[in-house]
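Listing of my_file_10.cif, mmCIF, C-alpha atoms (C1' of nucleotides)
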```cif
data_run
#
loop_
_atom_site.group_PDB
_atom_site.id
_atom_site.type_symbol
_atom_site.label_atom_id
_atom_site.label_comp_id
_atom_site.auth_asym_id
_atom_site.auth_seq_id
_atom_site.Cartn_x
_atom_site.Cartn_y
_atom_site.Cartn_z
ATOM 1 C CA MET X 1 -8.310 7.558 -24.816
ATOM 2 C CA ILE X 2 -6.273 7.163 -21.656
ATOM 3 C CA THR X 3 -7.151 9.167 -18.578
ATOM 4 C CA ILE X 4 -5.475 9.334 -15.180
ATOM 5 C CA ASP X 5 -6.879 10.528 -11.874
ATOM 6 C CA PRO X 6 -4.122 11.954 -9.638
ATOM 7 C CA ASN X 7 -6.532 12.067 -6.687
ATOM 8 C CA SER X 8 -7.427 8.374 -6.858
ATOM 9 C CA ASP X 9 -6.231 6.051 -4.143
ATOM 10 C CA VAL X 10 -5.123 3.733 -6.924
ATOM 11 C CA PRO X 11 -1.444 4.347 -7.763
ATOM 12 C CA LEU X 12 -0.805 6.133 -11.064
ATOM 13 C CA TYR X 13 1.214 3.314 -12.566
ATOM 14 C CA MET X 14 -1.602 0.861 -11.787
ATOM 15 C CA GLN X 15 -4.205 3.137 -13.345
ATOM 16 C CA LEU X 16 -2.086 3.400 -16.459
ATOM 17 C CA ARG X 17 -1.472 -0.315 -16.840
ATOM 18 C CA THR X 18 -5.202 -1.021 -16.414
ATOM 19 C CA GLN X 19 -6.125 1.672 -18.949
ATOM 20 C CA ILE X 20 -3.762 0.192 -21.511
ATOM 21 C CA MET X 21 -5.248 -3.251 -20.945
ATOM 22 C CA GLU X 22 -8.741 -1.804 -21.376
ATOM 23 C CA ALA X 23 -7.689 -0.173 -24.645
ATOM 24 C CA ILE X 24 -6.534 -3.569 -25.880
ATOM 25 C CA VAL X 25 -9.790 -5.229 -24.843
ATOM 26 C CA ARG X 26 -11.795 -2.497 -26.573
ATOM 27 C CA GLY X 27 -9.721 -2.961 -29.710
ATOM 28 C CA ASP X 28 -8.225 0.529 -29.668
ATOM 29 C CA LEU X 29 -4.847 -1.172 -29.435
ATOM 30 C CA SER X 30 -4.114 -4.379 -31.296
ATOM 31 C CA ASN X 31 -1.472 -7.035 -31.543
ATOM 32 C CA GLY X 32 1.653 -5.540 -33.117
ATOM 33 C CA ASP X 33 0.808 -1.944 -32.282
ATOM 34 C CA THR X 34 3.525 0.127 -30.645
ATOM 35 C CA LEU X 35 3.014 2.076 -27.449
ATOM 36 C CA PRO X 36 4.242 5.688 -27.206
ATOM 37 C CA SER X 37 7.696 6.197 -25.733
ATOM 38 C CA VAL X 38 7.800 6.491 -21.972
ATOM 39 C CA ARG X 39 8.790 10.151 -22.255
ATOM 40 C CA ALA X 40 6.067 10.980 -24.766
ATOM 41 C CA LEU X 41 3.255 9.299 -22.814
ATOM 42 C CA ALA X 42 4.519 10.803 -19.570
ATOM 43 C CA GLY X 43 4.351 14.234 -21.168
ATOM 44 C CA ASP X 44 0.814 13.653 -22.449
ATOM 45 C CA LEU X 45 -0.466 12.426 -19.090
ATOM 46 C CA GLY X 46 1.474 14.935 -17.024
ATOM 47 C CA VAL X 47 3.272 12.283 -14.993
ATOM 48 C CA ASN X 48 6.878 11.286 -14.552
ATOM 49 C CA MET X 49 8.774 9.204 -17.056
ATOM 50 C CA HIS X 50 9.607 6.614 -14.413
ATOM 51 C CA THR X 51 5.940 6.147 -13.575
ATOM 52 C CA VAL X 52 5.116 5.216 -17.178
ATOM 53 C CA ASN X 53 8.184 3.014 -17.299
ATOM 54 C CA LYS X 54 6.923 1.106 -14.280
ATOM 55 C CA SER X 55 3.555 0.543 -15.964
ATOM 56 C CA TYR X 56 5.236 -0.798 -19.089
ATOM 57 C CA HIS X 57 7.326 -3.226 -17.096
ATOM 58 C CA GLU X 58 4.272 -4.488 -15.243
ATOM 59 C CA LEU X 59 2.597 -5.133 -18.579
ATOM 60 C CA GLU X 60 5.717 -6.937 -19.751
ATOM 61 C CA LEU X 61 5.565 -9.108 -16.646
ATOM 62 C CA LYS X 62 1.977 -9.977 -17.498
ATOM 63 C CA GLU X 63 3.142 -10.895 -20.999
ATOM 64 C CA ILE X 64 0.926 -8.253 -22.572
ATOM 65 C CA ILE X 65 3.639 -6.168 -24.177
ATOM 66 C CA GLU X 66 7.211 -6.777 -25.188
ATOM 67 C CA ILE X 67 9.819 -4.131 -24.443
ATOM 68 C CA VAL X 68 12.708 -4.037 -26.886
ATOM 69 C CA PRO X 69 15.574 -2.037 -25.339
ATOM 70 C CA LYS X 70 16.293 1.239 -27.144
ATOM 71 C CA LYS X 71 13.376 0.622 -29.503
ATOM 72 C CA GLY X 72 9.945 0.556 -27.972
ATOM 73 C CA ALA X 73 7.061 -1.428 -26.517
ATOM 74 C CA VAL X 74 4.981 -3.667 -28.755
ATOM 75 C CA ILE X 75 1.669 -5.266 -27.890
ATOM 76 C CA ILE X 76 1.826 -9.044 -27.984
ATOM 77 C CA ALA X 77 -1.447 -9.776 -26.201
ATOM 78 C CA ASN X 78 -3.468 -12.157 -28.290
ATOM 79 C CA LYS X 79 -7.047 -12.029 -27.130
ATOM 80 C CA ASN X 80 -7.734 -15.325 -28.837
ATOM 81 C CA LYS X 81 -4.883 -17.337 -27.413
ATOM 82 C CA ASP X 82 -5.383 -19.922 -24.703
ATOM 83 C CA ILE X 83 -4.642 -18.715 -21.200
ATOM 84 C CA SER X 84 -1.837 -20.516 -19.404
ATOM 85 C CA LYS X 85 -2.506 -22.606 -16.322
ATOM 86 C CA ASN X 86 -0.085 -20.488 -14.329
ATOM 87 C CA ARG X 87 -1.867 -17.280 -15.336
ATOM 88 C CA LEU X 88 -5.229 -18.827 -14.478
ATOM 89 C CA GLU X 89 -4.010 -19.723 -11.016
ATOM 90 C CA THR X 90 -2.714 -16.199 -10.437
ATOM 91 C CA LEU X 91 -6.007 -14.695 -11.579
ATOM 92 C CA SER X 92 -7.948 -16.997 -9.249
ATOM 93 C CA GLU X 93 -5.909 -15.810 -6.294
ATOM 94 C CA GLU X 94 -6.456 -12.196 -7.304
ATOM 95 C CA PHE X 95 -10.198 -12.694 -7.603
ATOM 96 C CA ARG X 96 -10.556 -14.517 -4.300
ATOM 97 C CA PRO X 97 -10.757 -11.579 -1.851
ATOM 98 C CA PHE X 98 -13.382 -9.844 -3.963
ATOM 99 C CA VAL X 99 -15.441 -12.975 -4.418
ATOM 100 C CA VAL X 100 -15.357 -13.410 -0.654
ATOM 101 C CA GLU X 101 -16.511 -9.858 -0.194
ATOM 102 C CA ALA X 102 -19.371 -10.409 -2.610
ATOM 103 C CA LEU X 103 -20.486 -13.630 -0.918
ATOM 104 C CA VAL X 104 -20.398 -12.125 2.550
ATOM 105 C CA SER X 105 -22.432 -9.217 1.234
ATOM 106 C CA GLY X 106 -25.206 -11.634 0.357
ATOM 107 C CA MET X 107 -24.545 -12.275 -3.322
ATOM 108 C CA LYS X 108 -25.210 -15.685 -4.826
ATOM 109 C CA GLU X 109 -23.203 -17.410 -7.523
ATOM 110 C CA LYS X 110 -25.696 -16.430 -10.208
ATOM 111 C CA GLU X 111 -25.580 -12.787 -9.160
ATOM 112 C CA LEU X 112 -21.783 -12.847 -9.296
ATOM 113 C CA HIS X 113 -21.927 -14.137 -12.849
ATOM 114 C CA GLU X 114 -24.275 -11.302 -13.729
ATOM 115 C CA LEU X 115 -21.897 -8.832 -12.135
ATOM 116 C CA VAL X 116 -19.002 -10.160 -14.201
ATOM 117 C CA THR X 117 -21.125 -9.958 -17.346
ATOM 118 C CA ASN X 118 -22.002 -6.349 -16.596
ATOM 119 C CA VAL X 119 -18.395 -5.423 -15.916
ATOM 120 C CA ILE X 120 -17.382 -6.940 -19.252
ATOM 121 C CA LYS X 121 -20.027 -4.831 -20.984
ATOM 122 C CA LYS X 122 -18.780 -1.683 -19.275
ATOM 123 C CA ILE X 123 -15.207 -2.373 -20.331
ATOM 124 C CA GLN X 124 -16.144 -3.034 -23.946
ATOM 125 C CA GLU X 125 -18.263 0.114 -24.108
ATOM 126 C CA GLY X 126 -15.284 2.188 -22.976
ATOM 127 C CA MET V 127 -8.832 -21.289 11.465
ATOM 128 C CA ILE V 128 -7.192 -17.990 10.697
ATOM 129 C CA THR V 129 -3.680 -17.906 9.280
ATOM 130 C CA ILE V 130 -1.475 -14.954 8.425
ATOM 131 C CA ASP V 131 1.571 -14.841 6.161
ATOM 132 C CA PRO V 132 4.020 -12.152 7.299
ATOM 133 C CA ASN V 133 6.006 -12.542 4.074
ATOM 134 C CA SER V 134 3.053 -11.896 1.789
ATOM 135 C CA ASP V 135 2.939 -8.680 -0.200
ATOM 136 C CA VAL V 136 -0.650 -8.348 1.000
ATOM 137 C CA PRO V 137 -0.750 -6.174 4.154
ATOM 138 C CA LEU V 138 -1.455 -8.054 7.388
ATOM 139 C CA TYR V 139 -4.648 -6.147 8.167
ATOM 140 C CA MET V 140 -6.009 -6.979 4.696
ATOM 141 C CA GLN V 141 -5.154 -10.659 5.082
ATOM 142 C CA LEU V 142 -6.954 -10.695 8.404
ATOM 143 C CA ARG V 143 -10.112 -8.967 7.186
ATOM 144 C CA THR V 144 -10.296 -11.364 4.224
ATOM 145 C CA GLN V 145 -9.764 -14.393 6.472
ATOM 146 C CA ILE V 146 -12.577 -13.308 8.770
ATOM 147 C CA MET V 147 -14.870 -12.833 5.780
ATOM 148 C CA GLU V 148 -13.930 -16.298 4.547
ATOM 149 C CA ALA V 149 -14.737 -17.765 7.959
ATOM 150 C CA ILE V 150 -18.196 -16.190 7.735
ATOM 151 C CA VAL V 151 -18.764 -17.553 4.220
ATOM 152 C CA ARG V 152 -17.669 -21.023 5.354
ATOM 153 C CA GLY V 153 -20.059 -20.819 8.301
ATOM 154 C CA ASP V 154 -17.343 -20.975 10.955
ATOM 155 C CA LEU V 155 -18.589 -17.597 12.104
ATOM 156 C CA SER V 156 -22.269 -16.741 12.112
ATOM 157 C CA ASN V 157 -24.544 -13.781 12.592
ATOM 158 C CA GLY V 158 -24.446 -12.769 16.265
ATOM 159 C CA ASP V 159 -21.093 -14.371 17.008
ATOM 160 C CA THR V 160 -18.530 -12.246 18.795
ATOM 161 C CA LEU V 161 -14.990 -11.801 17.532
ATOM 162 C CA PRO V 162 -12.044 -12.116 19.942
ATOM 163 C CA SER V 163 -10.801 -8.900 21.521
ATOM 164 C CA VAL V 164 -8.197 -7.033 19.518
ATOM 165 C CA ARG V 165 -5.565 -7.843 22.117
ATOM 166 C CA ALA V 166 -6.453 -11.544 22.289
ATOM 167 C CA LEU V 167 -6.463 -12.074 18.527
ATOM 168 C CA ALA V 168 -3.281 -10.033 18.129
ATOM 169 C CA GLY V 169 -1.637 -12.300 20.683
ATOM 170 C CA ASP V 170 -2.805 -15.457 18.900
ATOM 171 C CA LEU V 171 -1.607 -14.283 15.484
ATOM 172 C CA GLY V 172 1.582 -12.707 16.716
ATOM 173 C CA VAL V 173 0.766 -9.281 15.360
ATOM 174 C CA ASN V 174 0.206 -5.896 16.892
ATOM 175 C CA MET V 175 -3.053 -4.875 18.554
ATOM 176 C CA HIS V 176 -3.420 -1.896 16.224
ATOM 177 C CA THR V 177 -3.177 -4.121 13.169
ATOM 178 C CA VAL V 178 -6.135 -6.218 14.327
ATOM 179 C CA ASN V 179 -7.983 -3.052 15.258
ATOM 180 C CA LYS V 180 -7.553 -1.761 11.713
ATOM 181 C CA SER V 181 -8.974 -4.999 10.298
ATOM 182 C CA TYR V 182 -12.016 -4.758 12.553
ATOM 183 C CA HIS V 183 -12.703 -1.182 11.504
ATOM 184 C CA GLU V 184 -12.454 -2.121 7.849
ATOM 185 C CA LEU V 185 -15.009 -4.863 8.435
ATOM 186 C CA GLU V 186 -17.214 -2.344 10.215
ATOM 187 C CA LEU V 187 -16.959 -0.030 7.186
ATOM 188 C CA LYS V 188 -18.119 -2.918 5.014
ATOM 189 C CA GLU V 189 -21.034 -3.426 7.400
ATOM 190 C CA ILE V 190 -19.912 -6.951 8.192
ATOM 191 C CA ILE V 191 -19.361 -6.476 11.912
ATOM 192 C CA GLU V 192 -20.541 -3.991 14.495
ATOM 193 C CA ILE V 193 -18.058 -2.625 17.012
ATOM 194 C CA VAL V 194 -19.539 -1.649 20.363
ATOM 195 C CA PRO V 195 -17.036 0.544 22.240
ATOM 196 C CA LYS V 196 -15.652 -1.082 25.402
ATOM 197 C CA LYS V 197 -17.559 -4.277 24.643
ATOM 198 C CA GLY V 198 -16.608 -6.099 21.482
ATOM 199 C CA ALA V 199 -17.205 -6.831 17.818
ATOM 200 C CA VAL V 200 -20.314 -8.703 16.700
ATOM 201 C CA ILE V 201 -20.940 -10.202 13.296
ATOM 202 C CA ILE V 202 -23.948 -8.670 11.580
ATOM 203 C CA ALA V 203 -23.329 -10.024 8.081
ATOM 204 C CA ASN V 204 -26.445 -11.722 6.848
ATOM 205 C CA LYS V 205 -25.508 -13.951 3.953
ATOM 206 C CA ASN V 206 -29.149 -14.076 2.882
ATOM 207 C CA LYS V 207 -29.898 -10.369 2.842
ATOM 208 C CA ASP V 208 -30.187 -8.416 -0.416
ATOM 209 C CA ILE V 209 -27.069 -6.571 -1.439
ATOM 210 C CA SER V 210 -27.408 -2.783 -1.640
ATOM 211 C CA LYS V 211 -27.064 -0.960 -4.951
ATOM 212 C CA ASN V 212 -24.223 1.087 -3.523
ATOM 213 C CA ARG V 213 -22.326 -2.019 -2.445
ATOM 214 C CA LEU V 214 -22.916 -3.598 -5.850
ATOM 215 C CA GLU V 215 -21.455 -0.556 -7.585
ATOM 216 C CA THR V 216 -18.379 -0.632 -5.345
ATOM 217 C CA LEU V 217 -17.858 -4.327 -5.994
ATOM 218 C CA SER V 218 -18.128 -3.774 -9.755
ATOM 219 C CA GLU V 219 -15.394 -1.163 -9.633
ATOM 220 C CA GLU V 220 -13.216 -3.481 -7.565
ATOM 221 C CA PHE V 221 -13.708 -6.361 -10.004
ATOM 222 C CA ARG V 222 -13.037 -4.275 -13.101
ATOM 223 C CA PRO V 223 -9.198 -4.332 -13.209
ATOM 224 C CA PHE V 224 -9.108 -8.084 -12.730
ATOM 225 C CA VAL V 225 -11.788 -8.725 -15.320
ATOM 226 C CA VAL V 226 -9.760 -6.609 -17.727
ATOM 227 C CA GLU V 227 -6.691 -8.645 -16.946
ATOM 228 C CA ALA V 228 -8.587 -11.856 -17.575
ATOM 229 C CA LEU V 229 -9.974 -10.652 -20.910
ATOM 230 C CA VAL V 230 -6.618 -9.408 -22.154
ATOM 231 C CA SER V 231 -5.136 -12.779 -21.198
ATOM 232 C CA GLY V 232 -7.504 -14.443 -23.596
ATOM 233 C CA MET V 233 -10.335 -15.504 -21.333
ATOM 234 C CA LYS V 234 -13.910 -15.488 -22.596
ATOM 235 C CA GLU V 235 -17.015 -14.606 -20.590
ATOM 236 C CA LYS V 236 -17.885 -18.260 -20.075
ATOM 237 C CA GLU V 237 -14.390 -19.049 -18.795
ATOM 238 C CA LEU V 238 -14.603 -16.143 -16.360
ATOM 239 C CA HIS V 239 -17.854 -17.534 -14.989
ATOM 240 C CA GLU V 240 -16.162 -20.883 -14.512
ATOM 241 C CA LEU V 241 -13.273 -19.181 -12.738
ATOM 242 C CA VAL V 242 -15.683 -17.477 -10.343
ATOM 243 C CA THR V 243 -17.461 -20.765 -9.716
ATOM 244 C CA ASN V 244 -14.164 -22.466 -8.917
ATOM 245 C CA VAL V 245 -13.092 -19.657 -6.583
ATOM 246 C CA ILE V 246 -16.401 -19.965 -4.723
ATOM 247 C CA LYS V 247 -15.799 -23.699 -4.298
ATOM 248 C CA LYS V 248 -12.293 -23.090 -2.977
ATOM 249 C CA ILE V 249 -13.580 -20.590 -0.422
ATOM 250 C CA GLN V 250 -16.346 -22.869 0.806
ATOM 251 C CA GLU V 251 -13.975 -25.794 1.133
ATOM 252 C CA GLY V 252 -11.730 -23.749 3.375
ATOM 253 C "C1'" DT W 253 25.021 13.967 -36.966
ATOM 254 C "C1'" DT W 254 21.268 14.889 -34.270
ATOM 255 C "C1'" DT W 255 17.430 13.149 -32.001
ATOM 256 C "C1'" DT W 256 15.078 9.717 -29.629
ATOM 257 C "C1'" DT W 257 15.059 5.409 -27.197
ATOM 258 C "C1'" DG W 258 14.965 2.556 -22.804
ATOM 259 C "C1'" DT W 259 18.143 1.990 -18.966
ATOM 260 C "C1'" DT W 260 20.463 3.098 -14.805
ATOM 261 C "C1'" DC W 261 21.853 5.846 -10.955
ATOM 262 C "C1'" DT W 262 21.187 9.033 -7.044
ATOM 263 C "C1'" DA W 263 17.991 11.894 -4.421
ATOM 264 C "C1'" DT W 264 14.077 13.749 -2.271
ATOM 265 C "C1'" DA W 265 9.233 13.866 -0.487
ATOM 266 C "C1'" DC W 266 5.153 11.798 0.984
ATOM 267 C "C1'" DA W 267 1.877 8.074 2.306
ATOM 268 C "C1'" DT W 268 1.120 3.486 3.952
ATOM 269 C "C1'" DT W 269 2.084 -0.291 6.810
ATOM 270 C "C1'" DA W 270 3.526 -2.244 11.198
ATOM 271 C "C1'" DT W 271 5.059 -2.070 15.617
ATOM 272 C "C1'" DA W 272 5.392 -0.099 20.363
ATOM 273 C "C1'" DG W 273 4.059 1.895 24.711
ATOM 274 C "C1'" DA W 274 1.197 4.564 27.492
ATOM 275 C "C1'" DA W 275 -2.986 6.361 29.260
ATOM 276 C "C1'" DC W 276 -8.113 6.751 29.467
ATOM 277 C "C1'" DA W 277 -12.877 5.470 30.516
ATOM 278 C "C1'" DG W 278 -16.304 2.308 30.298
ATOM 279 C "C1'" DT W 279 -17.685 -3.026 30.962
ATOM 280 C "C1'" DT W 280 -17.325 -7.314 32.864
ATOM 281 C "C1'" DT W 281 -15.748 -10.515 36.119
ATOM 282 C "C1'" DT W 282 -14.382 -11.852 40.522
ATOM 283 C "C1'" DA O 283 -15.762 -2.752 45.593
ATOM 284 C "C1'" DA O 284 -11.675 -4.298 43.312
ATOM 285 C "C1'" DA O 285 -9.448 -6.293 39.472
ATOM 286 C "C1'" DA O 286 -9.278 -7.518 34.822
ATOM 287 C "C1'" DC O 287 -10.536 -6.523 30.269
ATOM 288 C "C1'" DT O 288 -12.491 -3.645 26.622
ATOM 289 C "C1'" DG O 289 -11.952 -0.362 22.542
ATOM 290 C "C1'" DT O 290 -10.046 4.258 21.985
ATOM 291 C "C1'" DT O 291 -6.623 7.712 21.532
ATOM 292 C "C1'" DC O 292 -2.098 9.665 21.507
ATOM 293 C "C1'" DT O 293 2.861 9.874 20.303
ATOM 294 C "C1'" DA O 294 6.809 7.582 18.131
ATOM 295 C "C1'" DT O 295 9.709 4.927 15.225
ATOM 296 C "C1'" DA O 296 11.108 2.012 11.242
ATOM 297 C "C1'" DA O 297 10.514 -0.001 6.806
ATOM 298 C "C1'" DT O 298 8.374 0.016 2.455
ATOM 299 C "C1'" DG O 299 5.888 1.820 -1.622
ATOM 300 C "C1'" DT O 300 4.756 5.603 -4.580
ATOM 301 C "C1'" DA O 301 6.029 9.652 -7.277
ATOM 302 C "C1'" DT O 302 8.938 13.022 -8.880
ATOM 303 C "C1'" DA O 303 13.462 14.892 -10.495
ATOM 304 C "C1'" DG O 304 17.783 15.206 -12.914
ATOM 305 C "C1'" DA O 305 21.668 13.303 -15.021
ATOM 306 C "C1'" DA O 306 24.250 10.213 -17.860
ATOM 307 C "C1'" DC O 307 24.743 6.181 -20.999
ATOM 308 C "C1'" DA O 308 24.596 3.435 -25.302
ATOM 309 C "C1'" DA O 309 21.953 1.932 -29.079
ATOM 310 C "C1'" DA O 310 18.550 2.865 -32.648
ATOM 311 C "C1'" DA O 311 16.198 6.032 -35.778
ATOM 312 C "C1'" DA O 312 15.677 10.284 -38.249
#
```
Please render this file's structure as structure tokens.
Amino acid sequence: MITIDPNSDVPLYMQLRTQIMEAIVRGDLSNGDTLPSVRALAGDLGVNMHTVNKSYHELELKEIIEIVPKKGAVIIANKNKDISKNRLETLSEEFRPFVVEALVSGMKEKELHELVTNVIKKIQEG
Amino acid sequence: MITIDPNSDVPLYMQLRTQIMEAIVRGDLSNGDTLPSVRALAGDLGVNMHTVNKSYHELELKEIIEIVPKKGAVIIANKNKDISKNRLETLSEEFRPFVVEALVSGMKEKELHELVTNVIKKIQEG
DNA sequence: TTTTTGTTCTATACATTATAGAACAGTTTT
DNA sequence: AAAACTGTTCTATAATGTATAGAACAAAAA
């Protein structure tokens, strides 16, 4: 189930793209599945069509879905594929500020690994 | 050394607060050290005084520095202290979207741990 | 044929980011 | 004591990002 918090400081389109990714990780959405139309999902969530559209295009940029014009959005994320070097580099840069924050807060490498493990568990639980 | 990229999509004040945290992790700045005045640092970096001020107040919110009105900003981050439960919870929430992104890109738990380890190395190198 | 699809365009409203200048009241230095 | 420096507070402006809205288009699906 996808939920959106309008009062969050996280932009709606970011919340949506993360929620869709979480659904894929949980297995609620699988390779080949089709996402609802931008108008349909916008109606369900009570947000604007363009907001959903933006989320879809971000997911396309991340190579998680494929948008076929006039048809729909299909999930192409393969959880078992090898991650590309480029993608790995991008992820490292995205992680960096938060790793810094953790280190300066007194966390050690081992504790950071535990944190990551716990976050993974939370995501898979739903 | 602190460097700022005006063309980055990351806001200047965020870049600065991360850079200061990195300097602490590297050991370039230690507990008790005083940060430059907002005007001095703004002059060095070529940014506005209020931008530096915002960075300092964000660091104060994270309990990394202490701002004494009319005096200056002192580093109180103790890299060896225990992290608070509250802080740990916040960090988990901040990590979540990126962990999701990693998982959906095909990364396994072990690979994520390796990524974190590599990021830590990068930070400590400078 | 009608409906639905993503796309594209213009438009508005609001928040965030960044800069700028001025003034204030304490602190430090000279 | 005087001067310089400190963080704070205030108003102001400009650019950008976020979100909504409505309309129209052409292709696909029902």
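Our summary of the geometry notes that atom CA of V:Gly232 is positioned 6.0 Å from atom CA of X:Asp82.
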Requested in this report: Would you give me, as a ChimeraX atom specification, the residues of chain V that come within 8 Å of chain X, using only C-alpha atoms?
Outcome: /V:144,147-148,150-151,190,203-209,217-218,220-233,235,238-239,241-243,245-246,249
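Residues within 9 Å of W:DT271, counting all atoms listed in the file and excluding same-chain residues fewer than 5 positions away, are Val173, Asn174, His176 and Thr177 of chain V; DT295 and DA296 of chain O.
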Report task. Define the interface residues of chain X facing chain O as those within 12 Å, counting all atoms listed in the file, and report them as a PyMOL selection string. Result -> chain X and resi 6+9-14+42+46-52+54+68-72
Least-squares fit on all C-alpha atoms, paired in order: put chain V onto chain X and return it as a compact mmCIF listing (two decimals) with C-alpha atoms, in the coordinates of the input.
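Dumped to superposed-v2.txt:
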```
# COMPACT_ATOMS: atom_id res chain seq x y z
CA MET V 127 -8.31 7.51 -24.76
CA ILE V 128 -6.28 7.13 -21.62
CA THR V 129 -7.19 9.12 -18.52
CA ILE V 130 -5.49 9.27 -15.15
CA ASP V 131 -6.90 10.47 -11.83
CA PRO V 132 -4.15 11.90 -9.62
CA ASN V 133 -6.53 11.99 -6.65
CA SER V 134 -7.41 8.31 -6.83
CA ASP V 135 -6.18 6.00 -4.10
CA VAL V 136 -5.09 3.68 -6.90
CA PRO V 137 -1.41 4.33 -7.75
CA LEU V 138 -0.80 6.12 -11.06
CA TYR V 139 1.24 3.29 -12.57
CA MET V 140 -1.57 0.82 -11.78
CA GLN V 141 -4.20 3.10 -13.32
CA LEU V 142 -2.09 3.36 -16.44
CA ARG V 143 -1.45 -0.36 -16.84
CA THR V 144 -5.18 -1.06 -16.40
CA GLN V 145 -6.11 1.64 -18.92
CA ILE V 146 -3.76 0.18 -21.51
CA MET V 147 -5.23 -3.27 -20.94
CA GLU V 148 -8.71 -1.82 -21.35
CA ALA V 149 -7.68 -0.18 -24.62
CA ILE V 150 -6.52 -3.59 -25.88
CA VAL V 151 -9.79 -5.26 -24.83
CA ARG V 152 -11.78 -2.51 -26.56
CA GLY V 153 -9.71 -2.97 -29.71
CA ASP V 154 -8.21 0.52 -29.65
CA LEU V 155 -4.84 -1.18 -29.42
CA SER V 156 -4.10 -4.36 -31.31
CA ASN V 157 -1.45 -7.03 -31.54
CA GLY V 158 1.65 -5.52 -33.15
CA ASP V 159 0.81 -1.93 -32.29
CA THR V 160 3.53 0.14 -30.67
CA LEU V 161 3.00 2.09 -27.47
CA PRO V 162 4.22 5.70 -27.21
CA SER V 163 7.68 6.21 -25.75
CA VAL V 164 7.80 6.52 -21.98
CA ARG V 165 8.76 10.17 -22.28
CA ALA V 166 6.03 10.99 -24.80
CA LEU V 167 3.24 9.32 -22.84
CA ALA V 168 4.50 10.81 -19.57
CA GLY V 169 4.32 14.23 -21.19
CA ASP V 170 0.77 13.65 -22.46
CA LEU V 171 -0.50 12.43 -19.08
CA GLY V 172 1.43 14.91 -17.02
CA VAL V 173 3.24 12.28 -15.01
CA ASN V 174 6.84 11.31 -14.57
CA MET V 175 8.75 9.21 -17.09
CA HIS V 176 9.60 6.62 -14.44
CA THR V 177 5.94 6.14 -13.59
CA VAL V 178 5.11 5.23 -17.20
CA ASN V 179 8.19 3.03 -17.32
CA LYS V 180 6.94 1.11 -14.30
CA SER V 181 3.57 0.55 -15.98
CA TYR V 182 5.24 -0.79 -19.11
CA HIS V 183 7.36 -3.22 -17.12
CA GLU V 184 4.32 -4.49 -15.27
CA LEU V 185 2.62 -5.13 -18.60
CA GLU V 186 5.75 -6.92 -19.78
CA LEU V 187 5.62 -9.12 -16.66
CA LYS V 188 2.03 -9.99 -17.55
CA GLU V 189 3.21 -10.88 -21.05
CA ILE V 190 0.96 -8.25 -22.59
CA ILE V 191 3.66 -6.16 -24.21
CA GLU V 192 7.25 -6.74 -25.24
CA ILE V 193 9.84 -4.09 -24.48
CA VAL V 194 12.75 -3.95 -26.91
CA PRO V 195 15.58 -1.91 -25.35
CA LYS V 196 16.29 1.37 -27.18
CA LYS V 197 13.38 0.74 -29.53
CA GLY V 198 9.95 0.60 -27.97
CA ALA V 199 7.08 -1.40 -26.54
CA VAL V 200 4.99 -3.66 -28.77
CA ILE V 201 1.69 -5.26 -27.89
CA ILE V 202 1.85 -9.04 -28.00
CA ALA V 203 -1.42 -9.78 -26.21
CA ASN V 204 -3.45 -12.16 -28.29
CA LYS V 205 -7.02 -12.02 -27.10
CA ASN V 206 -7.72 -15.33 -28.82
CA LYS V 207 -4.86 -17.36 -27.41
CA ASP V 208 -5.40 -19.96 -24.67
CA ILE V 209 -4.69 -18.76 -21.18
CA SER V 210 -1.87 -20.58 -19.37
CA LYS V 211 -2.56 -22.66 -16.27
CA ASN V 212 -0.13 -20.53 -14.31
CA ARG V 213 -1.90 -17.32 -15.31
CA LEU V 214 -5.26 -18.87 -14.46
CA GLU V 215 -4.03 -19.77 -10.98
CA THR V 216 -2.74 -16.23 -10.41
CA LEU V 217 -6.03 -14.73 -11.56
CA SER V 218 -7.97 -17.02 -9.22
CA GLU V 219 -5.93 -15.84 -6.26
CA GLU V 220 -6.46 -12.23 -7.28
CA PHE V 221 -10.23 -12.72 -7.59
CA ARG V 222 -10.58 -14.54 -4.28
CA PRO V 223 -10.78 -11.59 -1.83
CA PHE V 224 -13.38 -9.83 -3.94
CA VAL V 225 -15.46 -12.96 -4.41
CA VAL V 226 -15.39 -13.40 -0.64
CA GLU V 227 -16.54 -9.84 -0.20
CA ALA V 228 -19.38 -10.39 -2.63
CA LEU V 229 -20.53 -13.59 -0.92
CA VAL V 230 -20.42 -12.08 2.55
CA SER V 231 -22.46 -9.15 1.23
CA GLY V 232 -25.21 -11.55 0.32
CA MET V 233 -24.54 -12.21 -3.33
CA LYS V 234 -25.25 -15.63 -4.82
CA GLU V 235 -23.23 -17.38 -7.52
CA LYS V 236 -25.72 -16.39 -10.21
CA GLU V 237 -25.60 -12.74 -9.17
CA LEU V 238 -21.80 -12.81 -9.29
CA HIS V 239 -21.94 -14.12 -12.85
CA GLU V 240 -24.27 -11.28 -13.75
CA LEU V 241 -21.89 -8.80 -12.13
CA VAL V 242 -19.01 -10.14 -14.21
CA THR V 243 -21.12 -9.94 -17.35
CA ASN V 244 -22.00 -6.33 -16.61
CA VAL V 245 -18.37 -5.42 -15.91
CA ILE V 246 -17.36 -6.94 -19.25
CA LYS V 247 -20.00 -4.83 -21.00
CA LYS V 248 -18.77 -1.68 -19.27
CA ILE V 249 -15.19 -2.37 -20.34
CA GLN V 250 -16.12 -3.03 -23.95
CA GLU V 251 -18.23 0.10 -24.12
CA GLY V 252 -15.27 2.17 -23.02
```
Query raised in the report: Using all atoms listed in the file, which chain W residues lie at most 10 Å away from chain V, written as a ChimeraX atom specification?
Result: /W:268-272,277-280
